[in-house]
Each structure stands twice: as structure tokens, then as C-alpha cells.
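A.B. asks: Sharing target_31.cif here; it has mmCIF, C-alpha atoms.
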data_data
#
loop_
_atom_site.label_atom_id
_atom_site.label_comp_id
_atom_site.auth_asym_id
_atom_site.auth_seq_id
_atom_site.Cartn_x
_atom_site.Cartn_y
_atom_site.Cartn_z
CA MET A 108 55.32 -116.95 -127.49
CA TYR A 109 55.73 -117.07 -131.27
CA LEU A 110 59.00 -115.66 -132.56
CA ASP A 111 59.67 -114.91 -136.21
CA VAL A 112 63.29 -115.91 -136.59
CA VAL A 113 63.49 -114.74 -140.20
CA SER A 114 61.90 -111.34 -140.74
CA ARG A 115 58.72 -111.19 -142.78
CA SER A 116 60.09 -108.44 -145.05
CA PHE A 117 63.06 -110.65 -145.99
CA ARG A 118 60.78 -113.54 -146.93
CA ILE A 119 58.55 -111.23 -148.98
CA ARG A 120 61.55 -109.66 -150.77
CA LEU A 121 62.95 -113.10 -151.60
CA ILE A 122 59.63 -114.37 -153.01
CA VAL A 123 59.05 -111.15 -154.98
CA GLY A 124 62.62 -111.28 -156.33
CA ILE A 125 62.26 -114.86 -157.52
CA SER A 126 58.83 -114.12 -159.00
CA LEU A 127 60.05 -111.04 -160.89
CA PHE A 128 63.04 -112.98 -162.17
CA LEU A 129 60.80 -115.77 -163.47
CA ILE A 130 58.35 -113.32 -165.07
CA ALA A 131 61.17 -111.46 -166.82
CA LEU A 132 62.66 -114.73 -168.02
CA ILE A 133 59.29 -115.93 -169.35
CA LEU A 134 58.79 -112.65 -171.23
CA VAL A 135 62.27 -112.80 -172.76
CA ASN A 136 61.72 -116.44 -173.69
CA SER A 137 58.34 -115.66 -175.27
CA VAL A 138 59.75 -112.80 -177.35
CA PHE A 139 62.69 -114.95 -178.43
CA PHE A 140 60.39 -117.86 -179.33
CA TYR A 141 58.01 -115.60 -181.25
CA HIS A 142 60.82 -114.10 -183.33
CA TYR A 143 62.25 -117.54 -183.93
CA ILE A 144 59.05 -119.02 -185.35
CA ASP A 145 57.96 -115.91 -187.27
CA ARG A 146 58.77 -117.10 -190.82
CA GLY A 147 57.14 -116.70 -194.19
CA LEU A 148 55.64 -119.90 -195.55
CA GLY A 149 56.14 -119.07 -199.21
CA GLU A 150 54.08 -117.80 -202.14
CA LEU A 151 52.85 -121.05 -203.67
CA TYR A 152 50.72 -123.71 -202.04
CA SER A 153 53.36 -126.41 -202.60
CA GLN A 154 55.98 -124.20 -200.94
CA ARG A 155 53.66 -123.64 -197.96
CA VAL A 156 53.00 -127.37 -197.53
CA SER A 157 56.69 -128.18 -197.84
CA THR A 158 57.69 -125.38 -195.44
CA ALA A 159 54.96 -126.35 -192.94
CA PHE A 160 56.06 -130.01 -192.90
CA TYR A 161 59.71 -129.04 -192.46
CA PHE A 162 58.78 -126.35 -189.96
CA LYS A 163 56.76 -128.83 -187.84
CA THR A 164 59.70 -131.17 -187.21
CA GLU A 165 62.10 -128.28 -186.77
CA LEU A 166 59.68 -126.55 -184.38
CA ILE A 167 59.43 -129.58 -182.10
CA ARG A 168 63.19 -130.00 -181.93
CA ASP A 169 63.88 -126.29 -181.41
CA THR A 170 61.09 -125.86 -178.87
CA LEU A 171 62.70 -128.51 -176.69
CA SER A 172 66.06 -126.74 -177.05
CA ILE A 173 64.62 -123.31 -176.26
CA TYR A 174 62.66 -124.46 -173.22
CA GLY A 175 65.56 -126.61 -172.03
CA LEU A 176 67.74 -123.49 -172.11
CA PHE A 177 64.93 -121.59 -170.36
CA ALA A 178 64.83 -124.22 -167.60
CA LEU A 179 68.61 -124.05 -167.12
CA VAL A 180 68.62 -120.25 -166.94
CA CYS A 181 65.72 -120.41 -164.44
CA LEU A 182 67.58 -122.93 -162.32
CA PHE A 183 70.83 -120.95 -162.32
CA GLY A 184 69.00 -117.67 -161.69
CA ILE A 185 67.08 -119.02 -158.71
CA VAL A 186 70.22 -120.61 -157.28
CA ALA A 187 72.06 -117.29 -157.73
CA LEU A 188 69.26 -115.37 -155.95
CA ILE A 189 69.28 -117.85 -153.10
CA ILE A 190 73.06 -117.71 -152.77
CA LEU A 191 73.02 -113.92 -152.79
CA SER A 192 70.28 -113.95 -150.13
CA THR A 193 71.94 -116.43 -147.78
CA HIS A 194 74.41 -113.85 -146.50
CA ARG A 195 71.43 -112.10 -144.92
CA VAL A 196 70.75 -115.28 -142.93
CA VAL A 197 74.05 -117.10 -142.39
CA GLY A 198 76.18 -114.07 -141.49
CA PRO A 199 73.82 -112.86 -138.75
CA LEU A 200 73.42 -116.41 -137.39
CA VAL A 201 77.20 -116.59 -136.97
CA GLY A 202 76.97 -113.29 -135.06
CA VAL A 203 74.16 -114.65 -132.88
CA LYS A 204 76.26 -117.72 -132.12
CA ARG A 205 79.23 -115.53 -131.17
CA VAL A 206 77.10 -113.37 -128.85
CA ALA A 207 75.48 -116.43 -127.25
CA ALA A 208 78.93 -117.96 -126.64
CA ARG A 209 80.15 -114.74 -124.98
CA MET A 210 77.02 -114.65 -122.83
CA ALA A 211 77.55 -118.29 -121.83
CA GLU A 212 81.08 -117.41 -120.71
CA GLY A 213 79.71 -114.64 -118.50
CA GLY A 214 80.04 -111.72 -120.89
CA LEU A 215 76.60 -110.27 -120.25
CA ASP A 216 77.60 -106.99 -121.91
CA ALA A 217 77.58 -108.74 -125.31
CA THR A 218 75.00 -107.48 -127.79
CA ALA A 219 74.04 -108.52 -131.27
CA ARG A 220 74.26 -105.75 -133.86
CA PHE A 221 72.92 -106.32 -137.35
CA ARG A 222 71.87 -104.35 -140.39
CA LYS A 223 68.21 -103.45 -140.83
CA LYS A 224 67.87 -105.75 -143.87
CA ASP A 225 69.29 -108.83 -142.15
CA ALA A 226 66.86 -111.72 -142.18
CA VAL A 227 67.22 -112.73 -138.53
CA LEU A 228 66.85 -109.25 -137.03
CA PRO A 229 63.97 -110.42 -134.75
CA LEU A 230 66.27 -113.10 -133.34
CA ALA A 231 68.96 -110.50 -132.65
CA ASP A 232 66.42 -108.28 -130.90
CA ALA A 233 65.28 -111.20 -128.73
CA LEU A 234 68.89 -112.07 -127.87
CA ASN A 235 69.63 -108.45 -126.94
CA GLU A 236 66.54 -108.36 -124.74
CA LEU A 237 67.65 -111.58 -123.05
CA ALA A 238 71.14 -110.14 -122.44
CA THR A 239 69.67 -106.95 -120.98
CA LYS A 240 67.40 -108.86 -118.60
CA TYR A 241 70.20 -111.15 -117.43
CA ARG A 242 72.58 -108.20 -117.08
CA ASP A 243 70.01 -106.37 -114.91
CA ARG A 244 69.32 -109.48 -112.86
CA HIS A 245 73.06 -110.15 -112.41
CA SER A 246 73.60 -106.56 -111.30
CA SER A 247 70.73 -106.79 -108.80
CA ILE A 248 72.04 -110.07 -107.38
CA CYS A 249 75.58 -108.65 -107.03
CA GLU A 250 74.21 -105.58 -105.23
CA ALA A 251 72.13 -107.79 -102.93
CA ILE A 252 75.14 -109.97 -102.12
CA ASP A 253 77.20 -106.86 -101.30
CA GLU A 254 74.39 -105.61 -99.04
CA LEU A 255 74.18 -109.03 -97.37
CA TYR A 256 77.92 -108.96 -96.71
CA GLN A 257 77.64 -105.50 -95.14
CA ASP A 258 74.61 -106.64 -93.14
CA THR A 259 76.56 -109.68 -91.94
CA CYS A 260 79.37 -107.44 -90.71
CA GLU A 261 76.85 -105.15 -88.98
CA LEU A 262 75.06 -108.17 -87.47
CA SER A 263 78.35 -109.47 -86.12
CA LEU A 264 79.06 -106.10 -84.47
CA LEU A 265 75.54 -105.97 -83.02
CA VAL A 266 75.93 -109.47 -81.54
CA GLN A 267 79.34 -108.57 -80.10
CA ASN A 268 77.88 -105.42 -78.52
CA GLY A 269 75.01 -107.43 -77.06
CA ASP A 270 72.24 -105.51 -78.81
CA ALA A 271 69.83 -108.45 -79.28
CA GLU A 272 66.85 -106.42 -80.50
CA ALA A 273 68.83 -104.62 -83.23
CA ALA A 274 70.55 -107.92 -84.14
CA GLU A 275 67.14 -109.62 -84.59
CA ASP A 276 65.91 -106.76 -86.81
CA LYS A 277 69.08 -107.02 -88.91
CA ARG A 278 68.66 -110.82 -89.15
CA LEU A 279 65.05 -110.45 -90.36
CA LYS A 280 66.16 -107.87 -92.92
CA MET A 281 68.83 -110.30 -94.13
CA VAL A 282 66.29 -113.15 -94.38
CA ARG A 283 64.06 -110.97 -96.60
CA LYS A 284 67.05 -110.06 -98.74
CA VAL A 285 68.04 -113.75 -99.09
CA GLU A 286 64.46 -114.62 -100.09
CA GLU A 287 64.56 -111.85 -102.70
CA VAL A 288 67.84 -113.20 -104.12
CA ASN A 289 66.39 -116.73 -104.18
CA LYS A 290 63.41 -115.41 -106.10
CA TRP A 291 65.72 -113.78 -108.66
CA LEU A 292 67.78 -116.93 -108.96
CA SER A 293 64.75 -119.17 -109.39
CA GLY A 294 63.60 -116.89 -112.26
CA ILE A 295 66.71 -117.74 -114.27
CA ARG A 296 65.89 -120.33 -116.90
CA VAL A 297 68.65 -122.14 -118.70
#
Would you write the structure of this file as C-alpha cells?
C.D. replies:
Amino acid sequence: MYLDVVSRSFRIRLIVGISLFLIALILVNSVFFYHYIDRGLGELYSQRVSTAFYFKTELIRDTLSIYGLFALVCLFGIVALIILSTHRVVGPLVGVKRVAARMAEGGLDATARFRKKDAVLPLADALNELATKYRDRHSSICEAIDELYQDTCELSLLVQNGDAEAAEDKRLKMVRKVEEVNKWLSGIRV
């Protein structure tokens, strides 16, 4: 069985968020770059040649500065988005660990509760389903053991009273009950 540990909507929101951030940053950078290089070259030909030569060397230097700044802002922005998104993964995983530890100690009433936007909501649902199944199985086994104890007491009375036929029926009923409990126990996977 395939299990999505991190919800699909979380992955999509993260990718869309990073993409929108990059697109906005590229647009801002393009507008800034356009306004930076939008200069008059001068009225006379000699002024234009002189300005173009100076502008060429200045443009190369400033382009590297502008795009270096762009790269740094991109890097910090993506890191910030990832850091802000990790609480949707790490926090719930700590909760899953806590619930699993309680279940391992016998606390089968433990359930994982998360917000709808948490990234590992499918994992929490699977853990809750596991806890419910084990809780039901544990309850059934406890009931069967109680019934077997009562049947044992009844069987003892039947044997003491010498009712062999009723004692044999009770013994067969107990054997079926033990087989049922063994089946439940063999279904538990650790």
C-alpha cells in the first residue's frame, strides 16, 4: 500500500509559493534594472560615443552587482519560505512520535490530532486508524479472556458435579474461543 506521508496539497502550496516568490523577484529586478539603464546618451555624436563606452563598462560592473543582489535575495527568500513551512512538517512529526510512544507503552487510547493544513495529515490518519484497530482488537481479546475465565469456572463446576456431557460441550466451546484469540493474536504485526 502506498502512503503519502506529506500531503499533496502541502507540496503544491510550497512549490507554488516558491514559484510566485521567484516570479515577483524577477519582475522587481527587471523593473529596477530597466530604470537603472534608462539614460540619455547625449545630443552630439561624440557625447553618445563617450557615454556608450563609459556606459558599457559601468553596465557590466553594475549588472553583476544587481544580479548578485538578486541571487542573495532569492536564496534568503527561499530559505525563509522553507523555514516557515517546516513547522507544518516537524511539529506534527513530533506529535506522531509522542502518540507512537504512548501506544508502545500500552496507551491505545492515544490519537494524533493535527490541523487541516499540516503536511503529514495522511500519516496522522494512518496512525489513528492503527490505534483504533489495535484498541478494538485489544478489547476483543480482553473480553475473550474474561469469557474463558468464566468458562473455566463453569467447566470446573461441571466436572465436580460429574456432568461429563455438559463439561465436554463447555471444553469444545473454550477450544473454539482459544482458537479465535490465537487468530487475533497472530494478526498483530509489530
A.B. asks: When you count only C-alpha atoms, which of these residues is closest to A:Thr170: A:Thr259, A:Ser137, A:Leu188, A:Val156?
C.D. replies: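 Under the stated criterion, the closest residue is A:Ser137.
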A.B. asks: Have a look at A:Ile130, A:Leu179, A:Ala226, A:Ala217 and name the one nearest to A:Phe117; count all atoms listed in the file.
C.D. replies: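 Of all the options, A:Ala226 lies closest to A:Phe117.
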A.B. asks: Within 12 Å of A:Leu132, counting only C-alpha atoms, which residues qualify if same-chain residues fewer than 6 places away don't, as an MDAnalysis selection string?
C.D. replies: chainID A and resid 125:126 138:140 174 176:185
A.B. asks: Find the residues around A:Arg209 up to 12 Å (all atoms listed in the file counted), leave out those fewer than 5 positions away in its own chain, and share them as a PyMOL selection string.
C.D. replies: chain A and resi 202-204+214-219+234+238
A.B. asks: A:Tyr141: which residues within 12 Å, counting all atoms listed in the file, same-chain residues fewer than 6 positions away excluded, as a PyMOL selection string?
C.D. replies: chain A and resi 133-135+166+170+173
A.B. asks: Neighbours of A:Asp276 within 12 Å (only C-alpha atoms; same-chain residues fewer than 6 positions away dropped), as a ChimeraX atom specification?
C.D. replies: /A:258,261-262,265-266,270,282-283
A.B. asks: If the PyMOL selection byres ((chain A and resi 224) around 9) is run on the structure shown, which residues does it catch, given as a PyMOL selection string?
C.D. replies: chain A and resi 114+116-117+195+221-223+225-228
A.B. asks: Could you please take those selected residues and save C-alpha atoms as a PDB file, in the frame of the given file?
C.D. replies:
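In the end it all went to selection25.pdb:
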ATOM      1  CA  SER A 114      61.900-111.340-140.740  1.00  0.00           C
ATOM      2  CA  SER A 116      60.090-108.440-145.050  1.00  0.00           C
ATOM      3  CA  PHE A 117      63.060-110.650-145.990  1.00  0.00           C
ATOM      4  CA  ARG A 195      71.430-112.100-144.920  1.00  0.00           C
ATOM      5  CA  PHE A 221      72.920-106.320-137.350  1.00  0.00           C
ATOM      6  CA  ARG A 222      71.870-104.350-140.390  1.00  0.00           C
ATOM      7  CA  LYS A 223      68.210-103.450-140.830  1.00  0.00           C
ATOM      8  CA  ASP A 225      69.290-108.830-142.150  1.00  0.00           C
ATOM      9  CA  ALA A 226      66.860-111.720-142.180  1.00  0.00           C
ATOM     10  CA  VAL A 227      67.220-112.730-138.530  1.00  0.00           C
ATOM     11  CA  LEU A 228      66.850-109.250-137.030  1.00  0.00           C
TER      12      LEU A 228
END
A.B. asks: Could you check which of A:Cys249, A:Leu255, A:Leu264, A:Leu121 is closest to A:Ile190, using all atoms listed in the file?
C.D. replies: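 Checking each of A:Cys249, A:Leu255, A:Leu264, A:Leu121 against A:Ile190, counting all atoms listed in the file, the winner is A:Leu121.
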A.B. asks: Between A:Ile189, A:Tyr143, A:Asn136, A:Gly175, which one has atoms that come closest to A:Ile122, using only C-alpha atoms?
C.D. replies: A:Ile189
A.B. asks: What is the atom CA of A:Ala231-atom CA of A:Arg244 distance in Å, reported with one decimal?
C.D. replies: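 Separating atom CA of A:Ala231 from atom CA of A:Arg244 is a distance of 19.8 Å.
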